[in-house]
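**Student:** What follows is target04.pdb; its format and atoms are PDB, C-alpha atoms.
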ATOM      1  CA  MET A   4      -9.098   1.715  14.063
ATOM      2  CA  LEU A   5      -5.946   0.614  12.255
ATOM      3  CA  VAL A   6      -4.367  -2.744  13.134
ATOM      4  CA  LEU A   7      -0.765  -3.034  11.961
ATOM      5  CA  LEU A   8       0.322  -6.649  11.599
ATOM      6  CA  SER A   9       4.070  -7.249  11.310
ATOM      7  CA  GLY A  10       6.461 -10.134  11.454
ATOM      8  CA  VAL A  11       9.330 -11.579   9.514
ATOM      9  CA  SER A  12       8.773 -12.828   5.983
ATOM     10  CA  GLY A  13       6.961 -16.149   6.254
ATOM     11  CA  ALA A  14       5.391 -15.371   9.658
ATOM     12  CA  GLY A  15       1.861 -15.798   8.253
ATOM     13  CA  LYS A  16       0.690 -12.172   8.003
ATOM     14  CA  ASP A  17      -1.300 -12.594   4.776
ATOM     15  CA  THR A  18      -2.923 -15.838   5.902
ATOM     16  CA  ILE A  19      -3.983 -14.357   9.239
ATOM     17  CA  LYS A  20      -5.264 -11.162   7.636
ATOM     18  CA  LYS A  21      -7.427 -13.182   5.225
ATOM     19  CA  GLU A  22      -8.857 -15.210   8.124
ATOM     20  CA  LEU A  23      -9.674 -12.050  10.128
ATOM     21  CA  ILE A  24     -11.498 -10.518   7.149
ATOM     22  CA  LYS A  25     -13.418 -13.741   6.534
ATOM     23  CA  ARG A  26     -14.482 -14.117  10.189
ATOM     24  CA  MET A  27     -15.073 -10.530  11.355
ATOM     25  CA  ASP A  28     -17.817  -8.344   9.856
ATOM     26  CA  ASN A  29     -16.232  -4.969  10.522
ATOM     27  CA  VAL A  30     -12.678  -5.852   9.408
ATOM     28  CA  THR A  31     -11.214  -5.019   6.012
ATOM     29  CA  SER A  32      -7.808  -4.886   4.409
ATOM     30  CA  MET A  33      -5.970  -1.934   2.996
ATOM     31  CA  PRO A  34      -3.727  -2.702   0.048
ATOM     32  CA  SER A  35      -0.195  -1.356  -0.046
ATOM     33  CA  TYR A  36       1.478  -0.207  -3.220
ATOM     34  CA  THR A  37       4.459  -2.173  -4.499
ATOM     35  CA  ASP A  38       6.616  -2.374  -7.594
ATOM     36  CA  ARG A  39       7.229  -6.123  -7.244
ATOM     37  CA  GLN A  40       5.592  -8.656  -9.539
ATOM     38  CA  PRO A  41       2.418 -10.395  -8.274
ATOM     39  CA  ARG A  42       2.902 -13.870  -6.860
ATOM     40  CA  GLU A  43       0.761 -16.735  -8.065
ATOM     41  CA  GLY A  44      -2.850 -16.177  -6.960
ATOM     42  CA  GLU A  45      -2.389 -12.519  -5.973
ATOM     43  CA  VAL A  46      -5.024 -10.190  -7.375
ATOM     44  CA  ASP A  47      -4.224  -6.523  -8.023
ATOM     45  CA  GLY A  48      -6.015  -4.289  -5.510
ATOM     46  CA  GLN A  49      -6.547  -6.905  -2.796
ATOM     47  CA  ILE A  50      -3.353  -7.088  -0.752
ATOM     48  CA  TYR A  51      -1.232  -4.976  -3.085
ATOM     49  CA  ASN A  52      -1.692  -2.442  -5.842
ATOM     50  CA  PHE A  53       0.989  -3.527  -8.310
ATOM     51  CA  ILE A  54       2.603  -0.645 -10.180
ATOM     52  CA  THR A  55       5.866  -0.070 -12.020
ATOM     53  CA  THR A  56       8.956   1.325 -10.317
ATOM     54  CA  GLU A  57       8.507   4.513 -12.347
ATOM     55  CA  GLU A  58       4.877   4.885 -11.187
ATOM     56  CA  PHE A  59       5.958   4.276  -7.583
ATOM     57  CA  GLU A  60       8.685   6.916  -7.797
ATOM     58  CA  ASN A  61       6.187   9.396  -9.274
ATOM     59  CA  LYS A  62       3.871   8.790  -6.304
ATOM     60  CA  ILE A  63       6.828   9.504  -3.978
ATOM     61  CA  LYS A  64       7.475  12.793  -5.816
ATOM     62  CA  GLU A  65       3.775  13.679  -5.567
ATOM     63  CA  ASN A  66       3.859  12.997  -1.774
ATOM     64  CA  GLU A  67       1.109  10.379  -2.047
ATOM     65  CA  PHE A  68       2.462   8.056   0.692
ATOM     66  CA  TYR A  69       2.312   8.274   4.484
ATOM     67  CA  GLU A  70       5.324   6.003   4.439
ATOM     68  CA  TYR A  71       7.262   3.901   1.993
ATOM     69  CA  SER A  72      10.411   1.810   2.061
ATOM     70  CA  VAL A  73      12.538  -0.539   0.027
ATOM     71  CA  HIS A  74      12.093  -4.025   1.422
ATOM     72  CA  HIS A  75      13.665  -7.112  -0.182
ATOM     73  CA  GLU A  76      14.738  -4.950  -3.154
ATOM     74  CA  HIS A  77      11.214  -3.643  -3.870
ATOM     75  CA  TYR A  78       9.246  -0.532  -2.948
ATOM     76  CA  TYR A  79       6.270  -0.830  -0.583
ATOM     77  CA  GLY A  80       4.138   2.122   0.492
ATOM     78  CA  THR A  81       1.008   3.216   2.355
ATOM     79  CA  SER A  82      -1.225   5.500   0.300
ATOM     80  CA  LYS A  83      -2.535   8.577   2.121
ATOM     81  CA  LYS A  84      -5.725   8.570   0.040
ATOM     82  CA  ILE A  85      -6.543   4.870   0.552
ATOM     83  CA  LEU A  86      -5.771   4.948   4.291
ATOM     84  CA  ASP A  87      -7.830   8.113   4.856
ATOM     85  CA  GLU A  88     -10.791   6.683   2.915
ATOM     86  CA  SER A  89     -10.537   3.361   4.782
ATOM     87  CA  ILE A  90     -10.455   5.042   8.206
ATOM     88  CA  ASN A  91     -13.413   7.266   7.293
ATOM     89  CA  SER A  92     -15.446   4.183   6.308
ATOM     90  CA  GLY A  93     -15.661   3.264  10.016
ATOM     91  CA  LYS A  94     -14.242  -0.202   9.409
ATOM     92  CA  ILE A  95     -11.336  -1.759  11.292
ATOM     93  CA  ILE A  96      -8.427  -1.868   8.860
ATOM     94  CA  VAL A  97      -5.867  -4.664   9.129
ATOM     95  CA  LYS A  98      -2.653  -3.855   7.307
ATOM     96  CA  ASP A  99       0.377  -6.081   7.084
ATOM     97  CA  ILE A 100       3.484  -3.958   7.151
ATOM     98  CA  GLU A 101       7.175  -4.339   7.890
ATOM     99  CA  VAL A 102       8.761  -2.935  11.049
ATOM    100  CA  ASN A 103      10.080   0.322   9.562
ATOM    101  CA  GLY A 104       6.657   1.081   8.117
ATOM    102  CA  THR A 105       5.096   0.480  11.533
ATOM    103  CA  GLU A 106       7.558   2.884  13.166
ATOM    104  CA  ASN A 107       6.866   5.536  10.521
ATOM    105  CA  LEU A 108       3.071   5.253  10.730
ATOM    106  CA  LEU A 109       3.176   5.411  14.534
ATOM    107  CA  LYS A 110       5.269   8.612  14.396
ATOM    108  CA  LEU A 111       2.982  10.192  11.803
ATOM    109  CA  LEU A 112      -0.487   9.058  12.872
ATOM    110  CA  LYS A 113      -0.622   7.902  16.505
ATOM    111  CA  ASN A 114      -2.217  11.161  17.630
ATOM    112  CA  ASP A 115      -4.853  11.118  14.866
ATOM    113  CA  ILE A 116      -5.847   7.468  14.458
ATOM    114  CA  ASP A 117      -6.381   4.608  16.923
ATOM    115  CA  ILE A 118      -3.557   2.201  16.084
ATOM    116  CA  VAL A 119      -3.000  -1.299  17.485
ATOM    117  CA  THR A 120       0.297  -2.996  16.638
ATOM    118  CA  ILE A 121       0.807  -6.772  16.577
ATOM    119  CA  PHE A 122       4.054  -8.620  15.838
ATOM    120  CA  LEU A 123       3.968 -12.288  14.831
ATOM    121  CA  ARG A 124       6.921 -14.323  16.040
ATOM    122  CA  VAL A 125       8.022 -17.544  14.403
ATOM    123  CA  PRO A 126      11.238 -19.479  15.135
ATOM    124  CA  LYS A 127      13.980 -18.863  12.561
ATOM    125  CA  GLU A 128      14.117 -22.511  11.429
ATOM    126  CA  GLU A 129      10.341 -22.517  10.877
ATOM    127  CA  VAL A 130      10.529 -19.304   8.819
ATOM    128  CA  ARG A 131      13.160 -20.861   6.541
ATOM    129  CA  LYS A 132      10.964 -23.966   6.110
ATOM    130  CA  ARG A 133       7.904 -21.841   5.242
ATOM    131  CA  LEU A 134       9.839 -19.769   2.713
ATOM    132  CA  GLU A 135      11.255 -22.905   1.075
ATOM    133  CA  HIS A 136       7.782 -24.447   0.766
ATOM    134  CA  ARG A 137       5.878 -21.429  -0.560
ATOM    135  CA  VAL A 138       3.854 -22.043  -3.699
ATOM    136  CA  GLU A 139       5.845 -19.529  -5.757
ATOM    137  CA  LYS A 140       9.205 -21.093  -4.755
ATOM    138  CA  ALA A 141      11.538 -18.327  -3.660
ATOM    139  CA  SER A 142      15.081 -18.459  -4.987
ATOM    140  CA  ILE A 143      17.914 -19.283  -2.593
ATOM    141  CA  LYS A 144      19.065 -15.651  -2.943
ATOM    142  CA  GLU A 145      15.602 -14.377  -1.964
ATOM    143  CA  ILE A 146      15.356 -16.756   1.011
ATOM    144  CA  GLU A 147      18.777 -15.612   2.254
ATOM    145  CA  LEU A 148      17.785 -11.957   1.788
ATOM    146  CA  ARG A 149      14.690 -12.525   3.942
ATOM    147  CA  MET A 150      16.550 -14.611   6.535
ATOM    148  CA  ASN A 151      19.243 -11.923   6.884
ATOM    149  CA  ARG A 152      16.541  -9.478   7.933
ATOM    150  CA  PHE A 153      15.157 -11.802  10.636
ATOM    151  CA  ASP A 154      17.280 -10.498  13.553
ATOM    152  CA  TYR A 155      16.713  -6.857  12.597
ATOM    153  CA  GLU A 156      12.932  -7.292  12.524
ATOM    154  CA  GLU A 157      12.960  -9.251  15.802
ATOM    155  CA  SER A 158      14.970  -6.410  17.401
ATOM    156  CA  LYS A 159      12.007  -4.049  16.832
ATOM    157  CA  ILE A 160       9.378  -5.964  18.837
ATOM    158  CA  GLY A 161       9.540  -3.355  21.616
ATOM    159  CA  ILE A 162       7.432  -0.919  19.536
ATOM    160  CA  TYR A 163       4.518  -3.382  19.364
ATOM    161  CA  ASP A 164       1.484  -3.511  21.657
ATOM    162  CA  TYR A 165       1.260  -7.297  21.278
ATOM    163  CA  VAL A 166       3.781  -9.988  20.367
ATOM    164  CA  ILE A 167       2.248 -13.356  19.480
ATOM    165  CA  LYS A 168       3.991 -16.630  18.754
ATOM    166  CA  ASN A 169       2.415 -17.917  15.533
ATOM    167  CA  ASP A 170       2.889 -21.671  15.757
ATOM    168  CA  ASP A 171      -0.811 -22.589  15.507
ATOM    169  CA  LEU A 172      -2.909 -20.720  12.932
ATOM    170  CA  GLU A 173      -6.289 -21.238  14.598
ATOM    171  CA  LYS A 174      -5.007 -20.213  18.042
ATOM    172  CA  THR A 175      -3.251 -17.139  16.605
ATOM    173  CA  VAL A 176      -6.361 -16.027  14.701
ATOM    174  CA  GLN A 177      -8.517 -16.458  17.830
ATOM    175  CA  ILE A 178      -6.054 -14.435  19.954
ATOM    176  CA  ILE A 179      -5.911 -11.614  17.395
ATOM    177  CA  MET A 180      -9.716 -11.555  17.022
ATOM    178  CA  THR A 181      -9.986 -11.153  20.808
ATOM    179  CA  ILE A 182      -7.378  -8.369  20.797
ATOM    180  CA  ILE A 183      -9.210  -6.497  18.013
ATOM    181  CA  GLN A 184     -12.608  -6.852  19.728
ATOM    182  CA  ASN A 185     -11.264  -5.702  23.115
ATOM    183  CA  GLU A 186      -9.221  -2.805  21.702
ATOM    184  CA  TYR A 187     -12.216  -1.659  19.634
ATOM    185  CA  LYS A 188     -14.492  -1.677  22.737
ATOM    186  CA  LEU A 189     -11.855   0.131  24.840
ATOM    187  CA  ARG A 190     -11.312   2.846  22.236
ATOM    188  CA  LYS A 191     -15.028   3.372  21.595
ATOM    189  CA  HIS A 192     -15.641   3.936  25.308
ATOM    190  CA  SER A 193     -12.689   6.209  26.018
TER
END
Can you present the structure in this file as structure tokens?
**Tutor:**
Amino acid sequence: MLVLLSGVSGAGKDTIKKELIKRMDNVTSMPSYTDRQPREGEVDGQIYNFITTEEFENKIKENEFYEYSVHHEHYYGTSKKILDESINSGKIIVKDIEVNGTENLLKLLKNDIDIVTIFLRVPKEEVRKRLEHRVEKASIKEIELRMNRFDYEESKIGIYDYVIKNDDLEKTVQIIMTIIQNEYKLRKHS
């Protein structure tokens, strides 16, 4: 089963994904590819596989992605090989992905893979606060770039199975754990 976790920048996707992996035995992450530089504390191969723009564009030419997009001036993509291997492992994969990526993966894979989509909502003022207080201090330009995308991403919530207000980390993690457990049981018995 593939769980796609989306939300605006600063909605808490990475934090929630890490908590799910820590607390649930059968849950793992699937790293995306990106050409952006690692942030402080990010390890290559965990959340992202960091590659150069040239390497990313070669992978596009070689048709190695199910989907890819330019998001906040950087490439992000879902590897066919990594996703296929992850699904075949029998684990539940949690992937954080932006709204266009979710749309693309649903179009491509919804008939072949069990997919659950979750969108994390956070008030606009709270998102700005979170972005301003991140460890790696985003520039004003980067914060504005991410804030300008807020309304667009919010406009896509209709494609999601679940929309959760993320104003309390523990509550949000508990809700998502329940969703994953129930969806997994439903899909195994259907």
**Student:** Which neighbours of stretch 56-59 of chain A fall inside 12 Å, counting only C-alpha atoms, when residues of the same chain fewer than 2 positions from it are skipped, and could you give them as a compact mmCIF listing (two decimals) with C-alpha atoms, in the coordinates of the input?
**Tutor:**
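As written to disk, around20.txt reads:
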# COMPACT_ATOMS: atom_id res chain seq x y z
CA SER A 35 -0.20 -1.36 -0.05
CA TYR A 36 1.48 -0.21 -3.22
CA THR A 37 4.46 -2.17 -4.50
CA ASP A 38 6.62 -2.37 -7.59
CA ARG A 39 7.23 -6.12 -7.24
CA GLN A 40 5.59 -8.66 -9.54
CA ASN A 52 -1.69 -2.44 -5.84
CA PHE A 53 0.99 -3.53 -8.31
CA ILE A 54 2.60 -0.64 -10.18
CA ASN A 61 6.19 9.40 -9.27
CA LYS A 62 3.87 8.79 -6.30
CA ILE A 63 6.83 9.50 -3.98
CA LYS A 64 7.48 12.79 -5.82
CA GLU A 65 3.78 13.68 -5.57
CA ASN A 66 3.86 13.00 -1.77
CA GLU A 67 1.11 10.38 -2.05
CA PHE A 68 2.46 8.06 0.69
CA TYR A 71 7.26 3.90 1.99
CA SER A 72 10.41 1.81 2.06
CA VAL A 73 12.54 -0.54 0.03
CA GLU A 76 14.74 -4.95 -3.15
CA HIS A 77 11.21 -3.64 -3.87
CA TYR A 78 9.25 -0.53 -2.95
CA TYR A 79 6.27 -0.83 -0.58
CA GLY A 80 4.14 2.12 0.49
CA THR A 81 1.01 3.22 2.36
CA SER A 82 -1.23 5.50 0.30
**Student:** Go through A:Asp154, A:Glu60, A:Asp87, A:Asp170 and flag the residue nearest A:Arg133, using only C-alpha atoms for the distances.
**Tutor:** A:Asp170
**Student:** Using all atoms listed in the file, which residue out of A:Pro41, A:Ile95, A:Lys159, A:Leu8 lies closest to A:Gln184?
**Tutor:** A:Ile95
**Student:** Name the closest residue to A:Lys94 among the candidates A:His74, A:Gly10, A:Gly48, A:Met33; distances are taken between atoms, counting all atoms listed in the file.
**Tutor:** A:Met33
**Student:** Take the PyMOL selection byres ((chain A and resi 175) around 12), apply it to the structure above, and return the hits as number ranges by chain.
**Tutor:** A: 14-16, 18-20, 22-23, 121-125, 165-174, 176-182
**Student:** Using only C-alpha atoms, can you tell me which of A:Arg149, A:Val11, A:Val130, A:Val102 comes closest to A:Gly161?
**Tutor:** A:Val102
**Student:** Report, in Å to a single decimal, how far apart atom CA of A:Glu129 and atom CA of A:Ile183 are.
**Tutor:**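 Taking atom CA of A:Ile183 and atom CA of A:Glu129, their separation equals 26.3 Å.
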**Student:** Measuring atom to atom with only C-alpha atoms, identify which of A:Ile50, A:Lys84, A:Lys191, A:Ser12 is nearest to A:Arg131.
**Tutor:**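 Ranked by minimum distance to A:Arg131, first place goes to A:Ser12.
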**Student:** Looking at only C-alpha atoms, which of A:Glu156, A:Glu101, A:Glu145, A:Asp117 is the one that sits closest to A:Lys188?
**Tutor:**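 Comparing A:Glu156, A:Glu101, A:Glu145, A:Asp117 against A:Lys188, the winner is A:Asp117.
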**Student:** As a check of understanding, name the residues that the PyMOL selection byres ((chain A and resi 109) around 12) selects in the supplied structure, as a list in words.
**Tutor:** Leu5, Val6, Leu7, Tyr69, Glu70, Ile100, Val102, Asn103, Gly104, Thr105, Glu106, Asn107, Leu108, Lys110, Leu111, Leu112, Lys113, Asn114, Asp115, Ile116, Asp117, Ile118, Val119, Thr120, Ile162, Tyr163 and Asp164 of chain A
